[in-house]
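Peer 1: What follows is coords_23.cif, mmCIF, C-alpha atoms; chains and numbers go by the auth columns.
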data_entry
loop_
_atom_site.group_PDB
_atom_site.id
_atom_site.type_symbol
_atom_site.label_atom_id
_atom_site.label_comp_id
_atom_site.label_asym_id
_atom_site.label_seq_id
_atom_site.Cartn_x
_atom_site.Cartn_y
_atom_site.Cartn_z
_atom_site.B_iso_or_equiv
_atom_site.auth_seq_id
_atom_site.auth_asym_id
ATOM 1 C CA MET A 1 101.961 94.347 120.048 0.00 1 A
ATOM 2 C CA GLU A 2 105.455 93.935 118.699 0.00 2 A
ATOM 3 C CA VAL A 3 104.223 93.712 115.133 0.00 3 A
ATOM 4 C CA PHE A 4 102.254 96.961 115.501 0.00 4 A
ATOM 5 C CA THR A 5 105.327 98.751 116.814 0.00 5 A
ATOM 6 C CA ALA A 6 107.520 97.387 114.023 0.00 6 A
ATOM 7 C CA VAL A 7 105.125 98.478 111.271 0.00 7 A
ATOM 8 C CA LEU A 8 104.402 101.890 112.792 0.00 8 A
ATOM 9 C CA LEU A 9 108.125 102.643 112.770 0.00 9 A
ATOM 10 C CA GLY A 10 107.727 103.053 109.013 0.00 10 A
ATOM 11 C CA LEU A 11 104.790 105.475 109.285 0.00 11 A
ATOM 12 C CA PRO A 12 106.902 108.685 109.566 0.00 12 A
ATOM 13 C CA MET A 13 108.789 107.735 106.389 0.00 13 A
ATOM 14 C CA THR A 14 105.510 107.013 104.585 0.00 14 A
ATOM 15 C CA LEU A 15 104.179 110.442 105.522 0.00 15 A
ATOM 16 C CA LEU A 16 107.480 112.119 104.621 0.00 16 A
ATOM 17 C CA VAL A 17 107.604 110.583 101.144 0.00 17 A
ATOM 18 C CA THR A 18 103.949 111.448 100.524 0.00 18 A
ATOM 19 C CA ALA A 19 104.214 115.038 101.762 0.00 19 A
ATOM 20 C CA ALA A 20 107.502 115.798 99.983 0.00 20 A
ATOM 21 C CA ALA A 21 106.410 114.260 96.677 0.00 21 A
ATOM 22 C CA PHE A 22 103.053 116.048 96.858 0.00 22 A
ATOM 23 C CA THR A 23 104.750 119.398 97.496 0.00 23 A
ATOM 24 C CA ILE A 24 107.073 118.898 94.534 0.00 24 A
ATOM 25 C CA GLY A 25 104.097 117.937 92.409 0.00 25 A
ATOM 26 C CA LEU A 26 102.060 120.984 93.416 0.00 26 A
ATOM 27 C CA LEU A 27 104.883 123.345 92.441 0.00 27 A
ATOM 28 C CA LEU A 28 106.206 121.602 89.340 0.00 28 A
ATOM 29 C CA ALA A 29 102.699 121.148 87.952 0.00 29 A
ATOM 30 C CA VAL A 30 102.308 124.903 87.454 0.00 30 A
ATOM 31 C CA PRO A 31 104.873 125.299 84.607 0.00 31 A
ATOM 32 C CA LEU A 32 103.662 122.027 83.112 0.00 32 A
ATOM 33 C CA MET A 33 100.095 123.293 83.114 0.00 33 A
ATOM 34 C CA LEU A 34 101.172 126.578 81.531 0.00 34 A
ATOM 35 C CA GLY A 35 102.945 124.621 78.812 0.00 35 A
ATOM 36 C CA LEU A 36 99.835 122.528 78.192 0.00 36 A
ATOM 37 C CA ARG A 37 97.824 125.744 77.782 0.00 37 A
ATOM 38 C CA SER A 38 100.395 127.543 75.639 0.00 38 A
ATOM 39 C CA ARG A 39 99.112 129.315 72.538 0.00 39 A
ATOM 40 C CA ILE A 40 102.216 128.187 70.657 0.00 40 A
ATOM 41 C CA ARG A 41 101.335 124.835 69.134 0.00 41 A
ATOM 42 C CA PRO A 42 104.867 123.276 69.145 0.00 42 A
ATOM 43 C CA VAL A 43 105.296 124.215 72.820 0.00 43 A
ATOM 44 C CA ARG A 44 101.879 122.825 73.663 0.00 44 A
ATOM 45 C CA LEU A 45 102.593 119.570 71.834 0.00 45 A
ATOM 46 C CA LEU A 46 106.010 119.260 73.502 0.00 46 A
ATOM 47 C CA PHE A 47 104.509 119.595 76.979 0.00 47 A
ATOM 48 C CA ARG A 48 101.693 117.218 76.045 0.00 48 A
ATOM 49 C CA LEU A 49 104.270 114.623 75.004 0.00 49 A
ATOM 50 C CA LEU A 50 106.231 115.174 78.224 0.00 50 A
ATOM 51 C CA VAL A 51 103.192 114.808 80.483 0.00 51 A
ATOM 52 C CA ASP A 52 101.935 111.730 78.636 0.00 52 A
ATOM 53 C CA LEU A 53 105.405 110.188 78.801 0.00 53 A
ATOM 54 C CA ILE A 54 105.651 110.709 82.552 0.00 54 A
ATOM 55 C CA ARG A 55 102.187 109.299 83.150 0.00 55 A
ATOM 56 C CA GLY A 56 102.667 106.416 80.717 0.00 56 A
ATOM 57 C CA ILE A 57 105.639 104.870 82.526 0.00 57 A
ATOM 58 C CA PRO A 58 104.788 102.878 85.697 0.00 58 A
ATOM 59 C CA PRO A 59 105.929 104.555 88.943 0.00 59 A
ATOM 60 C CA ILE A 60 108.096 101.601 89.925 0.00 60 A
ATOM 61 C CA VAL A 61 110.038 101.942 86.659 0.00 61 A
ATOM 62 C CA TRP A 62 110.670 105.635 87.365 0.00 62 A
ATOM 63 C CA LEU A 63 111.969 104.790 90.818 0.00 63 A
ATOM 64 C CA PHE A 64 114.272 102.089 89.465 0.00 64 A
ATOM 65 C CA LEU A 65 115.594 104.437 86.773 0.00 65 A
ATOM 66 C CA LEU A 66 116.327 107.173 89.284 0.00 66 A
ATOM 67 C CA TYR A 67 117.819 104.898 91.933 0.00 67 A
ATOM 68 C CA PHE A 68 119.796 102.460 89.822 0.00 68 A
ATOM 69 C CA GLY A 69 120.261 104.406 86.595 0.00 69 A
ATOM 70 C CA ILE A 70 121.480 107.861 87.635 0.00 70 A
ATOM 71 C CA ASN A 71 125.188 108.077 88.313 0.00 71 A
ATOM 72 C CA PHE A 72 127.014 111.274 87.390 0.00 72 A
ATOM 73 C CA GLY A 73 130.648 111.255 88.439 0.00 73 A
ATOM 74 C CA GLY A 74 129.931 109.080 91.422 0.00 74 A
ATOM 75 C CA LEU A 75 126.888 111.160 92.392 0.00 75 A
ATOM 76 C CA ARG A 76 123.941 108.876 93.002 0.00 76 A
ATOM 77 C CA LEU A 77 120.519 109.427 94.506 0.00 77 A
ATOM 78 C CA ASP A 78 119.866 107.579 97.737 0.00 78 A
ATOM 79 C CA SER A 79 116.674 105.582 98.049 0.00 79 A
ATOM 80 C CA LEU A 80 114.710 108.303 99.838 0.00 80 A
ATOM 81 C CA SER A 81 115.707 111.031 97.366 0.00 81 A
ATOM 82 C CA ALA A 82 114.929 108.798 94.394 0.00 82 A
ATOM 83 C CA ALA A 83 111.494 107.983 95.825 0.00 83 A
ATOM 84 C CA ILE A 84 110.625 111.601 96.536 0.00 84 A
ATOM 85 C CA VAL A 85 111.886 112.890 93.184 0.00 85 A
ATOM 86 C CA GLY A 86 110.279 110.062 91.224 0.00 86 A
ATOM 87 C CA LEU A 87 106.869 110.289 92.888 0.00 87 A
ATOM 88 C CA GLY A 88 107.118 114.103 92.825 0.00 88 A
ATOM 89 C CA VAL A 89 107.621 114.172 89.049 0.00 89 A
ATOM 90 C CA ILE A 90 104.748 111.739 88.558 0.00 90 A
ATOM 91 C CA ALA A 91 102.558 113.850 90.835 0.00 91 A
ATOM 92 C CA ALA A 92 103.453 116.944 88.819 0.00 92 A
ATOM 93 C CA ALA A 93 102.232 115.337 85.597 0.00 93 A
ATOM 94 C CA TYR A 94 98.896 114.297 87.090 0.00 94 A
ATOM 95 C CA LEU A 95 98.370 117.571 88.943 0.00 95 A
ATOM 96 C CA ALA A 96 99.172 119.534 85.775 0.00 96 A
ATOM 97 C CA GLU A 97 96.218 117.813 84.125 0.00 97 A
ATOM 98 C CA ILE A 98 94.062 118.575 87.150 0.00 98 A
ATOM 99 C CA TYR A 99 95.096 122.224 87.041 0.00 99 A
ATOM 100 C CA ARG A 100 94.432 122.363 83.298 0.00 100 A
ATOM 101 C CA GLY A 101 90.982 120.919 83.863 0.00 101 A
ATOM 102 C CA GLY A 102 90.303 123.543 86.520 0.00 102 A
ATOM 103 C CA PHE A 103 91.236 126.359 84.181 0.00 103 A
ATOM 104 C CA SER A 104 89.213 124.897 81.316 0.00 104 A
ATOM 105 C CA THR A 105 86.020 125.217 83.372 0.00 105 A
ATOM 106 C CA LEU A 106 86.392 128.977 83.781 0.00 106 A
ATOM 107 C CA PRO A 107 84.029 131.091 81.661 0.00 107 A
ATOM 108 C CA ALA A 108 85.708 133.015 78.856 0.00 108 A
ATOM 109 C CA GLY A 109 84.037 136.134 80.206 0.00 109 A
ATOM 110 C CA GLN A 110 86.453 136.194 83.142 0.00 110 A
ATOM 111 C CA LEU A 111 89.384 136.863 80.842 0.00 111 A
ATOM 112 C CA GLU A 112 87.448 139.339 78.731 0.00 112 A
ATOM 113 C CA ALA A 113 86.335 141.275 81.818 0.00 113 A
ATOM 114 C CA SER A 114 89.927 141.441 83.056 0.00 114 A
ATOM 115 C CA ARG A 115 91.105 142.839 79.748 0.00 115 A
ATOM 116 C CA ALA A 116 88.283 145.389 79.776 0.00 116 A
ATOM 117 C CA LEU A 117 89.474 146.568 83.183 0.00 117 A
ATOM 118 C CA GLY A 118 92.998 146.962 81.852 0.00 118 A
ATOM 119 C CA LEU A 119 94.504 144.263 84.046 0.00 119 A
ATOM 120 C CA GLY A 120 97.781 142.698 82.934 0.00 120 A
ATOM 121 C CA ARG A 121 98.115 139.032 82.056 0.00 121 A
ATOM 122 C CA ARG A 122 100.060 138.239 85.208 0.00 122 A
ATOM 123 C CA THR A 123 97.587 140.011 87.484 0.00 123 A
ATOM 124 C CA THR A 124 94.677 138.348 85.718 0.00 124 A
ATOM 125 C CA PHE A 125 96.231 134.928 86.124 0.00 125 A
ATOM 126 C CA VAL A 126 97.353 135.286 89.753 0.00 126 A
ATOM 127 C CA ARG A 127 94.495 137.320 91.207 0.00 127 A
ATOM 128 C CA ILE A 128 91.465 136.228 89.174 0.00 128 A
ATOM 129 C CA LEU A 129 91.854 133.004 87.202 0.00 129 A
ATOM 130 C CA ALA A 130 94.135 130.919 89.429 0.00 130 A
ATOM 131 C CA PRO A 131 92.050 131.182 92.648 0.00 131 A
ATOM 132 C CA GLN A 132 88.908 130.110 90.812 0.00 132 A
ATOM 133 C CA ALA A 133 90.647 127.258 88.993 0.00 133 A
ATOM 134 C CA VAL A 134 92.276 125.942 92.172 0.00 134 A
ATOM 135 C CA ARG A 135 88.945 126.067 93.971 0.00 135 A
ATOM 136 C CA THR A 136 87.385 123.944 91.235 0.00 136 A
ATOM 137 C CA ALA A 137 90.316 121.529 91.218 0.00 137 A
ATOM 138 C CA LEU A 138 90.597 121.092 95.005 0.00 138 A
ATOM 139 C CA PRO A 139 88.456 117.923 95.248 0.00 139 A
ATOM 140 C CA SER A 140 90.507 116.252 92.500 0.00 140 A
ATOM 141 C CA ILE A 141 93.734 117.354 94.175 0.00 141 A
ATOM 142 C CA ALA A 142 92.570 115.859 97.468 0.00 142 A
ATOM 143 C CA THR A 143 91.664 112.611 95.713 0.00 143 A
ATOM 144 C CA PHE A 144 95.086 112.470 94.093 0.00 144 A
ATOM 145 C CA LEU A 145 96.748 112.984 97.485 0.00 145 A
ATOM 146 C CA LEU A 146 94.883 109.910 98.694 0.00 146 A
ATOM 147 C CA ALA A 147 96.223 107.891 95.755 0.00 147 A
ATOM 148 C CA LEU A 148 99.736 109.212 96.314 0.00 148 A
ATOM 149 C CA LEU A 149 99.650 108.095 99.940 0.00 149 A
ATOM 150 C CA LYS A 150 99.013 104.526 98.810 0.00 150 A
ATOM 151 C CA ASP A 151 101.550 104.747 95.972 0.00 151 A
ATOM 152 C CA SER A 152 104.229 105.715 98.496 0.00 152 A
ATOM 153 C CA SER A 153 104.418 102.012 99.345 0.00 153 A
ATOM 154 C CA ILE A 154 106.231 101.515 96.018 0.00 154 A
ATOM 155 C CA ALA A 155 109.227 103.237 97.611 0.00 155 A
ATOM 156 C CA SER A 156 109.814 100.032 99.570 0.00 156 A
ATOM 157 C CA THR A 157 111.079 98.402 96.360 0.00 157 A
ATOM 158 C CA ILE A 158 114.205 100.574 96.424 0.00 158 A
ATOM 159 C CA GLY A 159 114.810 100.292 100.161 0.00 159 A
ATOM 160 C CA VAL A 160 112.903 103.187 101.690 0.00 160 A
ATOM 161 C CA THR A 161 111.949 102.111 105.202 0.00 161 A
ATOM 162 C CA GLU A 162 108.270 103.003 105.013 0.00 162 A
ATOM 163 C CA MET A 163 105.465 100.813 106.355 0.00 163 A
ATOM 164 C CA VAL A 164 105.467 98.098 103.712 0.00 164 A
ATOM 165 C CA PHE A 165 109.238 97.805 103.975 0.00 165 A
ATOM 166 C CA ALA A 166 108.943 97.591 107.771 0.00 166 A
ATOM 167 C CA ALA A 167 106.258 94.904 107.469 0.00 167 A
ATOM 168 C CA ASN A 168 108.366 92.900 105.043 0.00 168 A
ATOM 169 C CA THR A 169 111.408 93.208 107.316 0.00 169 A
ATOM 170 C CA PHE A 170 109.409 91.953 110.307 0.00 170 A
ATOM 171 C CA VAL A 171 108.215 88.942 108.310 0.00 171 A
ATOM 172 C CA ARG A 172 111.782 88.062 107.338 0.00 172 A
ATOM 173 C CA GLN A 173 112.964 88.369 110.910 0.00 173 A
ATOM 174 C CA ASN A 174 110.103 86.221 112.211 0.00 174 A
ATOM 175 C CA PRO A 175 109.468 83.701 109.421 0.00 175 A
ATOM 176 C CA GLY A 176 107.711 81.142 111.561 0.00 176 A
ATOM 177 C CA THR A 177 105.338 83.344 113.541 0.00 177 A
ATOM 178 C CA ALA A 178 104.660 86.589 111.662 0.00 178 A
ATOM 179 C CA GLY A 179 102.628 85.268 108.747 0.00 179 A
ATOM 180 C CA LEU A 180 100.686 87.988 106.955 0.00 180 A
ATOM 181 C CA THR A 181 99.882 89.901 110.129 0.00 181 A
ATOM 182 C CA PRO A 182 102.379 92.748 109.505 0.00 182 A
ATOM 183 C CA PHE A 183 100.875 93.398 106.078 0.00 183 A
ATOM 184 C CA PHE A 184 97.358 93.439 107.523 0.00 184 A
ATOM 185 C CA VAL A 185 98.572 95.937 110.106 0.00 185 A
ATOM 186 C CA ALA A 186 100.102 98.111 107.374 0.00 186 A
ATOM 187 C CA ALA A 187 96.868 97.899 105.379 0.00 187 A
ATOM 188 C CA GLY A 188 94.920 98.920 108.470 0.00 188 A
ATOM 189 C CA VAL A 189 97.100 101.977 109.005 0.00 189 A
ATOM 190 C CA TYR A 190 96.610 103.005 105.374 0.00 190 A
ATOM 191 C CA VAL A 191 92.854 102.669 105.829 0.00 191 A
ATOM 192 C CA VAL A 192 92.871 104.710 109.044 0.00 192 A
ATOM 193 C CA ILE A 193 94.732 107.516 107.278 0.00 193 A
ATOM 194 C CA SER A 194 92.893 107.247 103.971 0.00 194 A
ATOM 195 C CA ILE A 195 89.289 107.251 105.210 0.00 195 A
ATOM 196 C CA PRO A 196 89.435 110.759 106.777 0.00 196 A
ATOM 197 C CA LEU A 197 91.106 112.074 103.608 0.00 197 A
ATOM 198 C CA ALA A 198 88.443 110.459 101.434 0.00 198 A
ATOM 199 C CA ILE A 199 85.628 111.855 103.578 0.00 199 A
ATOM 200 C CA ALA A 200 87.198 115.316 103.505 0.00 200 A
ATOM 201 C CA ALA A 201 87.552 115.136 99.705 0.00 201 A
ATOM 202 C CA ARG A 202 83.892 114.143 99.252 0.00 202 A
ATOM 203 C CA ARG A 203 82.652 116.857 101.602 0.00 203 A
ATOM 204 C CA LEU A 204 84.796 119.441 99.880 0.00 204 A
ATOM 205 C CA ASP A 205 83.476 118.346 96.503 0.00 205 A
ATOM 206 C CA SER A 206 79.864 118.524 97.715 0.00 206 A
ATOM 207 C CA ARG A 207 80.367 121.927 99.285 0.00 207 A
ATOM 208 C CA LEU A 208 81.953 123.375 96.162 0.00 208 A
ATOM 209 C CA ARG A 209 79.188 121.937 93.985 0.00 209 A
ATOM 210 C CA ARG A 210 76.537 123.553 96.187 0.00 210 A
ATOM 211 C CA SER A 211 78.327 126.888 96.167 0.00 211 A
ATOM 212 C CA ALA A 212 78.605 126.730 92.358 0.00 212 A
#
Could you render the structure from this file as C-alpha cells?
Peer 2:
Amino acid sequence: MEVFTAVLLGLPMTLLVTAAAFTIGLLLAVPLMLGLRSRIRPVRLLFRLLVDLIRGIPPIVWLFLLYFGINFGGLRLDSLSAAIVGLGVIAAAYLAEIYRGGFSTLPAGQLEASRALGLGRRTTFVRILAPQAVRTALPSIATFLLALLKDSSIASTIGVTEMVFAANTFVRQNPGTAGLTPFFVAAGVYVVISIPLAIAARRLDSRLRRSA
C-alpha cells in the first residue's frame, strides 16, 4: 500500500505537465500551421524547417537544453517550467502538422463559395474552414494527447516529481524491498489513464468517419 501511495503522489504533477504542455501546443500550433500554409514560399520553407527541426530533436534533449542551457543574467527555468515549455513546443510542432492535415482535406469549393458570398479571409477561416478542419483533426489530436501523457515521464530526467520520478525515489529509499514494484505501479496508472483516452479517440474517429 505504501508503494501505491508514493507513486500516486506524482500523479498530479504528471497531469499538470501533460495538460499545460498540451494547452501550449494547441495555441502555438496555430501560427505554425499558418506559416506552413503560407503562399509566400520563403515563409513556408522557413516554417517547414522550424517544425522539422523541433520534431527532429529528441524530447529529452530539448528538456536538457532548456533546463541546463538557458541562463540569462541569472534567470534560469526551474525543472517544471522547462518540462512544460519543452513539451509544449514539441506538441506545437506535431499539432501544427495535424492542423495542416485537417485543412488539406477540405474541398477547394469551400473557399470558393466563401469568396462568392463576399466573406473576408478572416471570417472564412474562423467561421467556415477552421471548424471543419478541427473536426477532421480531432481523432489525431486525441491520439497525440495520449502520446504526450506518456512522454511526460521524460520530465523526471530533470527533476520533475511526476510518477516515474516518485517511483524511482521510492526504489532508492527502499533498495532492499522495493524492487521493480513502483515502476509496475506507475505503468499501471498510465494504462488506467490511457485506455479511456484511447477508447474515446477510436470512438470519435469512427463517429466522424460515419458522419462524413
Peer 1: Can you list what the PyMOL selection byres ((chain A and resi 14) around 8) grabs from this structure, as a count of residues only?
Peer 2: 13
Peer 1: Carefully work through the PyMOL selection byres ((chain A and resi 22) around 9) for this structure and note down the residues it includes, as number ranges by chain.
Peer 2: A: 17-21, 23-27, 84, 87-88, 91-92, 145, 148
Peer 1: Nearest residue to A:Val61 out of A:Thr157, A:Ile98, A:Ala137, A:Leu28, using only C-alpha atoms?
Peer 2: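 Using only C-alpha atoms, A:Val61 sits closest to A:Thr157.
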Peer 1: What is the distance between atom CA of A:Leu8 and atom CA of A:Phe68, in Å to one decimal?
Peer 2: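 Distance reported for this atom pair: 27.7 Å.
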Peer 1: Hey, which of A:Thr161, A:Val185, A:Leu75, A:Leu32 ends up closest to A:Phe47? Count all atoms listed in the file.
Peer 2: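 Closest to A:Phe47 of all the choices is A:Leu32.
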Peer 1: Counting all atoms listed in the file, what is within 9 Å of A:Ile54, bar same-chain residues fewer than 5 positions away, as a list in words?
Peer 2: Leu49, Pro59, Trp62, Val89, Ile90, Ala93 and Tyr94 of chain A
Peer 1: Could you check the closest approach to A:Leu66 for each of A:Gly179, A:Leu95, A:Gly102, A:Ala155 and tell me which residue wins, using all atoms listed in the file?
Peer 2: A:Ala155
Peer 1: Counting all atoms listed in the file, figure out which residue out of A:Val160, A:Val191, A:Pro31, A:Ala83 gets nearest to A:Arg44.
Peer 2: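 Once distances to A:Arg44 are computed over all atoms listed in the file, the minimum belongs to A:Pro31.
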Peer 1: As a check of understanding, name the residues that the PyMOL selection byres ((chain A and resi 140) around 10) selects in the supplied structure, as a list in words.
Peer 2: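 Answer for the PyMOL selection byres ((chain A and resi 140) around 10): Leu95, Ile98, Tyr99, Gly101, Gly102, Val134, Thr136, Ala137, Leu138, Pro139, Ile141, Ala142, Thr143, Phe144, Leu145, Leu146, Ala201, Arg202, Leu204 and Asp205 of chain A.
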Peer 1: Nearest residue to A:Phe184 out of A:Val3, A:Ile154, A:Ala82, A:Ile60, using all atoms listed in the file?
Peer 2: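 Closest candidate: A:Val3.
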Peer 1: Go ahead and compute the interatomic distance for atom CA of A:Leu180 and atom CA of A:Asn168, in Å to one decimal.
Peer 2: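 Separation of atom CA of A:Leu180 and atom CA of A:Asn168: 9.3 Å.
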Peer 1: One number please: atom CA of A:Tyr67 to atom CA of A:Ile158, in Å, one decimal.
Peer 2: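 Going from atom CA of A:Tyr67 over to atom CA of A:Ile158 covers 7.2 Å.
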Peer 1: Within 9 Å of A:Glu97, counting only C-alpha atoms, which residues qualify if same-chain residues fewer than 6 places away don't, as a list in words?
Peer 2: Ala29, Leu32, Met33, Leu36 and Val51 of chain A
Peer 1: Atoms to include: C-alpha atoms. Write the selected residues as a short mmCIF file (atom, residue, chain, number, x, y, z; two decimals), keeping the file's coordinate frame.
Peer 2:
data_model
loop_
_atom_site.label_atom_id
_atom_site.label_comp_id
_atom_site.auth_asym_id
_atom_site.auth_seq_id
_atom_site.Cartn_x
_atom_site.Cartn_y
_atom_site.Cartn_z
CA ALA A 29 102.70 121.15 87.95
CA LEU A 32 103.66 122.03 83.11
CA MET A 33 100.10 123.29 83.11
CA LEU A 36 99.84 122.53 78.19
CA VAL A 51 103.19 114.81 80.48
#
Peer 1: From the options A:Phe125, A:Tyr190, A:Phe4, A:Phe103, which residue's atoms come nearest to A:Ala166, counting all atoms listed in the file?
Peer 2: A:Phe4
Peer 1: Supply stretch 27-54 of chain A as an mmCIF file, in the coordinates of the input, with N, CA and C atoms built in where the input has gaps.
Peer 2:
data_model
loop_
_atom_site.group_PDB
_atom_site.id
_atom_site.type_symbol
_atom_site.label_atom_id
_atom_site.label_comp_id
_atom_site.auth_asym_id
_atom_site.auth_seq_id
_atom_site.Cartn_x
_atom_site.Cartn_y
_atom_site.Cartn_z
ATOM 1 N N LEU A 27 104.101 122.240 92.991
ATOM 2 C CA LEU A 27 104.883 123.345 92.441
ATOM 3 C C LEU A 27 105.261 123.105 90.983
ATOM 4 N N LEU A 28 105.749 121.907 90.689
ATOM 5 C CA LEU A 28 106.206 121.602 89.340
ATOM 6 C C LEU A 28 105.051 121.519 88.341
ATOM 7 N N ALA A 29 103.856 121.256 88.832
ATOM 8 C CA ALA A 29 102.699 121.148 87.952
ATOM 9 C C ALA A 29 102.316 122.480 87.329
ATOM 10 N N VAL A 30 102.685 123.584 87.970
ATOM 11 C CA VAL A 30 102.308 124.903 87.454
ATOM 12 C C VAL A 30 102.954 125.177 86.093
ATOM 13 N N PRO A 31 104.302 125.080 85.944
ATOM 14 C CA PRO A 31 104.873 125.299 84.607
ATOM 15 C C PRO A 31 104.409 124.260 83.590
ATOM 16 N N LEU A 32 104.173 123.030 84.038
ATOM 17 C CA LEU A 32 103.662 122.027 83.112
ATOM 18 C C LEU A 32 102.280 122.403 82.612
ATOM 19 N N MET A 33 101.435 122.881 83.506
ATOM 20 C CA MET A 33 100.095 123.293 83.114
ATOM 21 C C MET A 33 100.143 124.473 82.149
ATOM 22 N N LEU A 34 101.037 125.429 82.432
ATOM 23 C CA LEU A 34 101.172 126.578 81.531
ATOM 24 C C LEU A 34 101.621 126.129 80.144
ATOM 25 N N GLY A 35 102.514 125.148 80.107
ATOM 26 C CA GLY A 35 102.945 124.621 78.812
ATOM 27 C C GLY A 35 101.814 123.933 78.076
ATOM 28 N N LEU A 36 100.973 123.206 78.809
ATOM 29 C CA LEU A 36 99.835 122.528 78.192
ATOM 30 C C LEU A 36 98.812 123.523 77.647
ATOM 31 N N ARG A 37 98.783 124.722 78.210
ATOM 32 C CA ARG A 37 97.824 125.744 77.782
ATOM 33 C C ARG A 37 98.466 126.801 76.888
ATOM 34 N N SER A 38 99.695 126.566 76.467
ATOM 35 C CA SER A 38 100.395 127.543 75.639
ATOM 36 C C SER A 38 99.666 127.762 74.309
ATOM 37 N N ARG A 39 99.707 129.002 73.827
ATOM 38 C CA ARG A 39 99.112 129.315 72.538
ATOM 39 C C ARG A 39 100.016 128.889 71.383
ATOM 40 N N ILE A 40 101.263 128.609 71.691
ATOM 41 C CA ILE A 40 102.216 128.187 70.657
ATOM 42 C C ILE A 40 102.091 126.676 70.488
ATOM 43 N N ARG A 41 101.649 126.249 69.344
ATOM 44 C CA ARG A 41 101.335 124.835 69.134
ATOM 45 C C ARG A 41 102.530 123.911 69.397
ATOM 46 N N PRO A 42 103.734 124.175 68.869
ATOM 47 C CA PRO A 42 104.867 123.276 69.145
ATOM 48 C C PRO A 42 105.163 123.147 70.642
ATOM 49 N N VAL A 43 105.061 124.258 71.365
ATOM 50 C CA VAL A 43 105.296 124.215 72.820
ATOM 51 C C VAL A 43 104.221 123.372 73.486
ATOM 52 N N ARG A 44 102.987 123.585 73.072
ATOM 53 C CA ARG A 44 101.879 122.825 73.663
ATOM 54 C C ARG A 44 102.032 121.327 73.391
ATOM 55 N N LEU A 45 102.414 120.980 72.179
ATOM 56 C CA LEU A 45 102.593 119.570 71.834
ATOM 57 C C LEU A 45 103.772 118.959 72.586
ATOM 58 N N LEU A 46 104.843 119.749 72.773
ATOM 59 C CA LEU A 46 106.010 119.260 73.502
ATOM 60 C C LEU A 46 105.651 118.936 74.950
ATOM 61 N N PHE A 47 104.910 119.835 75.588
ATOM 62 C CA PHE A 47 104.509 119.595 76.979
ATOM 63 C C PHE A 47 103.494 118.456 77.070
ATOM 64 N N ARG A 48 102.635 118.334 76.060
ATOM 65 C CA ARG A 48 101.693 117.218 76.045
ATOM 66 C C ARG A 48 102.443 115.891 75.970
ATOM 67 N N LEU A 49 103.459 115.836 75.122
ATOM 68 C CA LEU A 49 104.270 114.623 75.004
ATOM 69 C C LEU A 49 104.985 114.318 76.317
ATOM 70 N N LEU A 50 105.513 115.352 76.963
ATOM 71 C CA LEU A 50 106.231 115.174 78.224
ATOM 72 C C LEU A 50 105.309 114.633 79.311
ATOM 73 N N VAL A 51 104.145 115.238 79.453
ATOM 74 C CA VAL A 51 103.192 114.808 80.483
ATOM 75 C C VAL A 51 102.714 113.390 80.222
ATOM 76 N N ASP A 52 102.398 113.079 78.968
ATOM 77 C CA ASP A 52 101.935 111.730 78.636
ATOM 78 C C ASP A 52 103.039 110.699 78.855
ATOM 79 N N LEU A 53 104.275 111.094 78.579
ATOM 80 C CA LEU A 53 105.405 110.188 78.801
ATOM 81 C C LEU A 53 105.572 109.876 80.278
ATOM 82 N N ILE A 54 105.501 110.904 81.108
ATOM 83 C CA ILE A 54 105.651 110.709 82.552
ATOM 84 C C ILE A 54 104.534 109.821 83.090
#
